[in-house]
$ cat input19.cif   # mmCIF, C-alpha atoms
data_work
#
loop_
_atom_site.label_atom_id
_atom_site.label_comp_id
_atom_site.auth_asym_id
_atom_site.auth_seq_id
_atom_site.Cartn_x
_atom_site.Cartn_y
_atom_site.Cartn_z
CA MET A 20 0.00 0.00 0.00
CA PRO A 21 1.09 3.64 -0.39
CA SER A 22 2.66 5.29 2.64
CA GLU A 23 0.56 7.23 5.16
CA THR A 24 1.92 10.48 3.73
CA GLU A 25 1.00 9.50 0.18
CA LEU A 26 -2.52 8.52 1.26
CA LYS A 27 -2.89 11.77 3.23
CA ASN A 28 -1.90 13.86 0.21
CA THR A 29 -3.98 11.83 -2.26
CA TYR A 30 -7.20 12.02 -0.26
CA GLN A 31 -6.58 15.38 1.43
CA VAL A 32 -7.22 14.08 4.95
CA ALA A 33 -5.34 14.26 8.23
CA VAL A 34 -2.64 11.67 8.87
CA GLY A 35 -4.58 10.59 11.96
CA THR A 36 -7.56 9.73 9.77
CA VAL A 37 -5.31 7.65 7.49
CA ARG A 38 -3.89 5.78 10.48
CA LYS A 39 -7.35 5.00 11.85
CA ALA A 40 -8.46 3.72 8.46
CA ILE A 41 -5.41 1.47 8.18
CA GLU A 42 -5.91 0.17 11.72
CA ALA A 43 -9.50 -0.69 10.82
CA LEU A 44 -8.29 -2.61 7.74
CA ILE A 45 -5.74 -4.47 9.87
CA ALA A 46 -8.44 -5.38 12.40
CA GLU A 47 -10.57 -6.77 9.56
CA GLY A 48 -7.62 -8.88 8.39
CA LEU A 49 -7.51 -7.15 5.00
CA VAL A 50 -4.01 -5.70 5.31
CA GLU A 51 -0.95 -6.36 7.45
CA ARG A 52 2.09 -4.35 8.52
CA SER A 53 5.63 -5.60 8.05
CA HIS A 54 8.14 -3.74 10.20
CA GLY A 55 10.57 -1.79 8.05
CA LYS A 56 8.82 -2.80 4.80
CA GLY A 57 5.38 -1.20 4.82
CA THR A 58 1.72 -2.19 4.77
CA PHE A 59 0.56 -4.94 2.44
CA VAL A 60 -2.80 -6.21 1.22
CA ARG A 61 -3.40 -9.73 2.51
CA LYS A 62 -4.44 -12.47 0.15
CA PRO A 63 -7.70 -14.23 1.02
CA ARG A 64 -7.31 -17.57 2.84
CA PHE A 65 -10.53 -19.32 1.97
CA ASP A 66 -8.97 -22.78 2.29
CA ASN A 67 -9.39 -22.63 6.05
CA SER A 68 -12.81 -20.98 6.11
CA LEU A 69 -14.51 -24.38 6.53
CA PHE A 70 -13.10 -24.53 10.03
CA ARG A 71 -15.30 -21.67 11.13
CA PHE A 72 -18.04 -24.30 10.90
CA PHE A 73 -16.34 -27.63 11.61
CA ARG A 74 -14.08 -27.99 14.61
CA PHE A 75 -11.84 -31.03 14.68
CA GLU A 76 -9.93 -32.09 17.75
CA SER A 77 -7.39 -34.79 18.50
CA ALA A 78 -7.89 -37.37 21.23
CA ASP A 79 -6.25 -35.02 23.78
CA GLY A 80 -8.63 -32.17 22.90
CA GLN A 81 -6.24 -30.05 20.81
CA ARG A 82 -7.75 -28.29 17.82
CA ARG A 83 -6.48 -29.71 14.53
CA VAL A 84 -6.50 -28.59 10.90
CA PRO A 85 -7.13 -31.64 8.71
CA THR A 86 -4.59 -32.91 6.21
CA SER A 87 -5.67 -33.58 2.62
CA HIS A 88 -5.58 -36.58 0.30
CA ILE A 89 -6.64 -36.64 -3.36
CA VAL A 90 -8.66 -39.83 -3.78
CA GLN A 91 -9.57 -39.38 -7.44
CA ARG A 92 -8.73 -37.00 -10.27
CA ARG A 93 -10.25 -37.08 -13.74
CA LYS A 94 -11.46 -34.98 -16.66
CA ILE A 95 -15.19 -35.25 -17.30
CA ALA A 96 -17.92 -33.53 -19.29
CA SER A 97 -19.69 -31.01 -17.07
CA SER A 98 -23.29 -31.59 -16.07
CA ALA A 99 -25.78 -28.80 -16.61
CA TYR A 100 -25.58 -27.87 -12.90
CA ILE A 101 -21.78 -27.70 -12.75
CA ALA A 102 -21.60 -25.89 -16.09
CA ALA A 103 -24.07 -23.27 -14.88
CA ALA A 104 -22.07 -22.70 -11.68
CA LEU A 105 -18.81 -22.24 -13.61
CA ARG A 106 -20.50 -20.34 -16.48
CA LEU A 107 -19.55 -22.97 -19.03
CA LYS A 108 -21.50 -24.70 -21.75
CA THR A 109 -23.09 -27.96 -20.67
CA GLY A 110 -20.68 -30.75 -21.51
CA ALA A 111 -17.60 -28.50 -21.41
CA PRO A 112 -14.58 -30.38 -19.98
CA VAL A 113 -13.94 -29.93 -16.25
CA ILE A 114 -11.48 -31.45 -13.83
CA GLU A 115 -13.12 -33.32 -10.98
CA LEU A 116 -11.17 -33.82 -7.75
CA LEU A 117 -12.39 -36.07 -4.98
CA ARG A 118 -10.54 -35.03 -1.84
CA LEU A 119 -10.60 -36.31 1.72
CA ARG A 120 -9.66 -34.18 4.72
CA LEU A 121 -8.32 -36.25 7.60
CA VAL A 122 -7.41 -35.90 11.27
CA ASP A 123 -5.15 -38.60 12.71
CA GLU A 124 -5.68 -40.51 9.44
CA GLN A 125 -9.44 -40.58 10.03
CA PRO A 126 -11.68 -39.00 7.33
CA VAL A 127 -13.68 -35.99 8.51
CA LEU A 128 -14.61 -34.18 5.26
CA ALA A 129 -15.26 -35.42 1.74
CA GLU A 130 -15.01 -32.85 -1.05
CA ASN A 131 -16.07 -32.88 -4.68
CA ILE A 132 -14.20 -30.10 -6.49
CA TYR A 133 -14.77 -28.96 -10.09
CA LEU A 134 -12.47 -26.75 -12.18
CA CYS A 135 -12.55 -25.55 -15.79
CA ALA A 136 -10.17 -27.94 -17.56
CA GLN A 137 -8.83 -25.22 -19.86
CA ARG A 138 -7.70 -23.02 -16.96
CA PHE A 139 -6.40 -25.83 -14.74
CA GLN A 140 -5.00 -28.31 -17.28
CA VAL A 141 -1.65 -28.45 -15.46
CA LEU A 142 -3.27 -30.18 -12.49
CA LEU A 143 -4.06 -33.26 -14.57
CA ASP A 144 -0.35 -34.10 -14.83
CA LEU A 145 0.73 -32.95 -11.37
CA ALA A 146 1.81 -35.71 -8.99
CA VAL A 147 -0.86 -36.28 -6.34
CA GLU A 148 1.66 -35.90 -3.53
CA ASP A 149 2.46 -32.39 -4.79
CA PHE A 150 -1.07 -31.07 -4.24
CA GLY A 151 -0.49 -30.37 -0.55
CA ASP A 152 -3.14 -29.52 2.04
CA LEU A 153 -4.18 -26.13 0.58
CA LEU A 154 -5.39 -25.86 -3.01
CA TYR A 155 -5.64 -22.11 -3.57
CA PRO A 156 -1.89 -21.42 -3.33
CA LEU A 157 -1.45 -24.31 -5.78
CA TYR A 158 -3.91 -22.75 -8.22
CA GLU A 159 -1.90 -19.54 -8.17
CA GLU A 160 1.54 -21.14 -8.39
CA LYS A 161 0.82 -23.77 -11.04
CA CYS A 162 -2.07 -22.28 -13.03
CA GLY A 163 -1.85 -18.52 -12.49
CA GLN A 164 -5.42 -18.46 -11.14
CA ILE A 165 -5.97 -16.36 -8.01
CA ILE A 166 -9.05 -16.82 -5.84
CA ALA A 167 -10.25 -13.36 -4.78
CA SER A 168 -13.66 -14.08 -3.22
CA ALA A 169 -16.02 -16.93 -2.47
CA GLN A 170 -19.71 -17.55 -1.91
CA GLU A 171 -20.90 -20.32 0.41
CA VAL A 172 -24.27 -21.98 0.98
CA LEU A 173 -24.92 -24.42 3.85
CA THR A 174 -27.47 -27.23 3.68
CA VAL A 175 -28.10 -30.53 5.47
CA GLU A 176 -28.77 -33.91 3.86
CA SER A 177 -28.57 -37.65 4.54
CA VAL A 178 -25.27 -39.10 3.43
CA THR A 179 -25.34 -41.39 0.40
CA GLU A 180 -23.82 -44.84 0.38
CA ALA A 181 -20.76 -43.69 -1.58
CA GLN A 182 -20.13 -40.67 0.67
CA ALA A 183 -20.80 -42.74 3.79
CA LYS A 184 -18.08 -45.20 2.73
CA LEU A 185 -15.59 -42.36 2.30
CA LEU A 186 -16.40 -40.76 5.65
CA GLY A 187 -16.80 -43.98 7.62
CA LEU A 188 -20.44 -43.19 8.46
CA SER A 189 -23.65 -45.17 8.38
CA VAL A 190 -25.88 -44.60 5.36
CA ASN A 191 -28.44 -41.81 5.96
CA THR A 192 -26.36 -40.21 8.73
CA PRO A 193 -27.02 -36.42 8.68
CA VAL A 194 -24.20 -34.45 7.06
CA VAL A 195 -23.71 -30.73 6.55
CA VAL A 196 -22.96 -29.70 2.98
CA ILE A 197 -20.99 -26.53 2.32
CA GLU A 198 -21.32 -25.54 -1.33
CA ARG A 199 -18.71 -23.00 -2.37
CA LEU A 200 -18.23 -21.00 -5.55
CA ALA A 201 -14.77 -19.41 -5.70
CA LEU A 202 -14.26 -16.40 -7.95
CA GLY A 203 -11.36 -14.54 -9.51
CA SER A 204 -10.82 -10.80 -9.07
CA ASP A 205 -12.95 -10.11 -12.15
CA GLY A 206 -15.83 -12.22 -10.84
CA THR A 207 -15.11 -15.21 -13.09
CA PRO A 208 -16.08 -18.52 -11.41
CA LEU A 209 -12.91 -20.57 -11.00
CA GLU A 210 -13.94 -23.42 -8.69
CA TRP A 211 -17.15 -25.02 -7.52
CA ARG A 212 -17.06 -27.53 -4.67
CA GLN A 213 -19.19 -29.40 -2.19
CA SER A 214 -17.73 -30.33 1.18
CA ARG A 215 -19.52 -32.83 3.39
CA GLY A 216 -18.92 -33.59 7.06
CA ALA A 217 -20.85 -35.29 9.83
CA ALA A 218 -23.45 -32.95 11.31
CA SER A 219 -22.30 -34.03 14.79
CA LYS A 220 -19.01 -32.21 14.15
CA PHE A 221 -20.68 -29.07 12.89
CA ARG A 222 -20.69 -25.86 14.93
CA TYR A 223 -22.12 -22.57 13.69
CA SER A 224 -20.96 -19.36 15.32
CA ALA A 225 -21.79 -15.76 14.44
CA GLU A 226 -21.22 -12.43 16.13
CA ILE A 227 -24.03 -9.92 15.62
CA ARG A 228 -23.46 -6.26 16.45
#
$ encode --input "input19.cif" --output "structure tokens"
Amino acid sequence: MPSETELKNTYQVAVGTVRKAIEALIAEGLVERSHGKGTFVRKPRFDNSLFRFFRFESADGQRRVPTSHIVQRRKIASSAYIAAALRLKTGAPVIELLRLRLVDEQPVLAENIYLCAQRFQVLLDLAVEDFGDLLYPLYEEKCGQIIASAQEVLTVESVTEAQAKLLGLSVNTPVVVIERLALGSDGTPLEWRQSRGAASKFRYSAEIR
């Protein structure tokens, strides 16, 4: 970001007003200060946003962030629903990732992730072990696609037989579904995913002012 002096001169306000505005942005997590370097805009970290809703703990009660494992990766023709979400023509090629999130090697979230094959072609040839636990930094590094915002919808359903097998649950166990559409800075849909986890591990928290 520009210096406080530059902002003061540009917007013709007092330096105290600039400092208060920057402090407010820092409090919101939108920018961060680096001593001796300046103030920088923070990149969104949507990969961990699921854990506002699901809280996973180890046997000793410590909070844990799940690790990730790509179970399946393939190129498919998009269904009408997926194509509409990604603003593609029905049948357009997409990459489908089936990913498990685990704590202590036990599955806690199953994710179906869909990406436009043209934009993310590189991921088809990337070694599975190179995907890592966070996908969005990978999208930027390997594909040049930066996630700038995301929209999420929460629903509840009974788990299907296939999903139950992945999560180690009984068929028809209630699961929470978090449907996310991730967008680029120009509003282009880059990723659509559904994440499912046992409703018993779900916790919703909101602060209303």
$ closest_residue --input "input19.cif" --among "A:Glu210, A:Thr29, A:Met20, A:Phe221" --to "Leu49 of chain A" --atoms "all atoms listed in the file"
A:Met20
$ closest_residue --input "input19.cif" --among "A:Ala167, A:Leu116, A:Ala33, A:Glu159" --to "Thr207 of chain A" --atoms "all atoms listed in the file"
A:Ala167
$ atom_distance --input "input19.cif" --atom1 "atom CA of Glu171 of chain A" --atom2 "atom CA of Leu154 of chain A"
16.8 Å
$ closest_residue --input "input19.cif" --among "A:Lys27, A:Lys161, A:Lys39, A:Arg120" --to "Asp149 of chain A" --atoms "all atoms listed in the file"
A:Lys161
$ resolve_selection --input "input19.cif" --expression "the PyMOL selection byres ((chain A and resi 100-114) around 10)" --output "PDB file with C-alpha atoms, in the frame of the given file"
ATOM      1  CA  ARG A  92      -8.730 -37.000 -10.270  1.00  0.00           C
ATOM      2  CA  ARG A  93     -10.250 -37.080 -13.740  1.00  0.00           C
ATOM      3  CA  LYS A  94     -11.460 -34.980 -16.660  1.00  0.00           C
ATOM      4  CA  ILE A  95     -15.190 -35.250 -17.300  1.00  0.00           C
ATOM      5  CA  ALA A  96     -17.920 -33.530 -19.290  1.00  0.00           C
ATOM      6  CA  SER A  97     -19.690 -31.010 -17.070  1.00  0.00           C
ATOM      7  CA  SER A  98     -23.290 -31.590 -16.070  1.00  0.00           C
ATOM      8  CA  ALA A  99     -25.780 -28.800 -16.610  1.00  0.00           C
ATOM      9  CA  GLU A 115     -13.120 -33.320 -10.980  1.00  0.00           C
ATOM     10  CA  LEU A 116     -11.170 -33.820  -7.750  1.00  0.00           C
ATOM     11  CA  ILE A 132     -14.200 -30.100  -6.490  1.00  0.00           C
ATOM     12  CA  TYR A 133     -14.770 -28.960 -10.090  1.00  0.00           C
ATOM     13  CA  LEU A 134     -12.470 -26.750 -12.180  1.00  0.00           C
ATOM     14  CA  CYS A 135     -12.550 -25.550 -15.790  1.00  0.00           C
ATOM     15  CA  ALA A 136     -10.170 -27.940 -17.560  1.00  0.00           C
ATOM     16  CA  GLN A 137      -8.830 -25.220 -19.860  1.00  0.00           C
ATOM     17  CA  ARG A 138      -7.700 -23.020 -16.960  1.00  0.00           C
ATOM     18  CA  PHE A 139      -6.400 -25.830 -14.740  1.00  0.00           C
ATOM     19  CA  GLN A 140      -5.000 -28.310 -17.280  1.00  0.00           C
ATOM     20  CA  LEU A 142      -3.270 -30.180 -12.490  1.00  0.00           C
ATOM     21  CA  LEU A 143      -4.060 -33.260 -14.570  1.00  0.00           C
ATOM     22  CA  ARG A 199     -18.710 -23.000  -2.370  1.00  0.00           C
ATOM     23  CA  LEU A 200     -18.230 -21.000  -5.550  1.00  0.00           C
ATOM     24  CA  ALA A 201     -14.770 -19.410  -5.700  1.00  0.00           C
ATOM     25  CA  LEU A 202     -14.260 -16.400  -7.950  1.00  0.00           C
ATOM     26  CA  THR A 207     -15.110 -15.210 -13.090  1.00  0.00           C
ATOM     27  CA  PRO A 208     -16.080 -18.520 -11.410  1.00  0.00           C
ATOM     28  CA  LEU A 209     -12.910 -20.570 -11.000  1.00  0.00           C
ATOM     29  CA  GLU A 210     -13.940 -23.420  -8.690  1.00  0.00           C
ATOM     30  CA  TRP A 211     -17.150 -25.020  -7.520  1.00  0.00           C
ATOM     31  CA  ARG A 212     -17.060 -27.530  -4.670  1.00  0.00           C
TER      32      ARG A 212
END
$ resolve_selection --input "input19.cif" --expression "the PyMOL selection byres ((chain A and resi 194) around 8)" --output "JSON, numbers by chain"
{"A": [175, 176, 177, 178, 192, 193, 195, 196, 215, 216, 217, 218, 219]}
$ residues_around --input "input19.cif" --residues "Glu124 of chain A" --least-positions-apart "2" --cutoff "10 Å" --atoms "all atoms listed in the file" --output "list of chain:residue names"
A:Pro85, A:Thr86, A:Ser87, A:His88, A:Arg120, A:Leu121, A:Val122, A:Pro126, A:Val127
$ resolve_selection --input "input19.cif" --expression "the PyMOL selection byres ((chain A and resi 40-44) around 12)" --output "list of chain:residue names"
A:Met20, A:Pro21, A:Ser22, A:Glu23, A:Leu26, A:Lys27, A:Val32, A:Ala33, A:Val34, A:Gly35, A:Thr36, A:Val37, A:Arg38, A:Lys39, A:Ile45, A:Ala46, A:Glu47, A:Gly48, A:Leu49, A:Val50, A:Glu51, A:Arg52, A:Gly57, A:Thr58, A:Phe59, A:Val60, A:Arg61
$ closest_residue --input "input19.cif" --among "A:Gln213, A:Gln125, A:Asn191, A:Gln182" --to "Gln170 of chain A" --atoms "all atoms listed in the file"
A:Gln213
$ atom_distance --input "input19.cif" --atom1 "atom CA of Gly206 of chain A" --atom2 "atom CA of Leu153 of chain A"
21.4 Å
$ atom_distance --input "input19.cif" --atom1 "atom CA of Asp123 of chain A" --atom2 "atom CA of Glu198 of chain A"
25.1 Å
$ closest_residue --input "input19.cif" --among "A:Thr179, A:Ser168, A:Thr174, A:Ser189" --to "Asp205 of chain A" --atoms "all atoms listed in the file"
A:Ser168
$ closest_residue --input "input19.cif" --among "A:Ile165, A:Thr24, A:Val141, A:Glu148" --to "Ser204 of chain A" --atoms "all atoms listed in the file"
A:Ile165
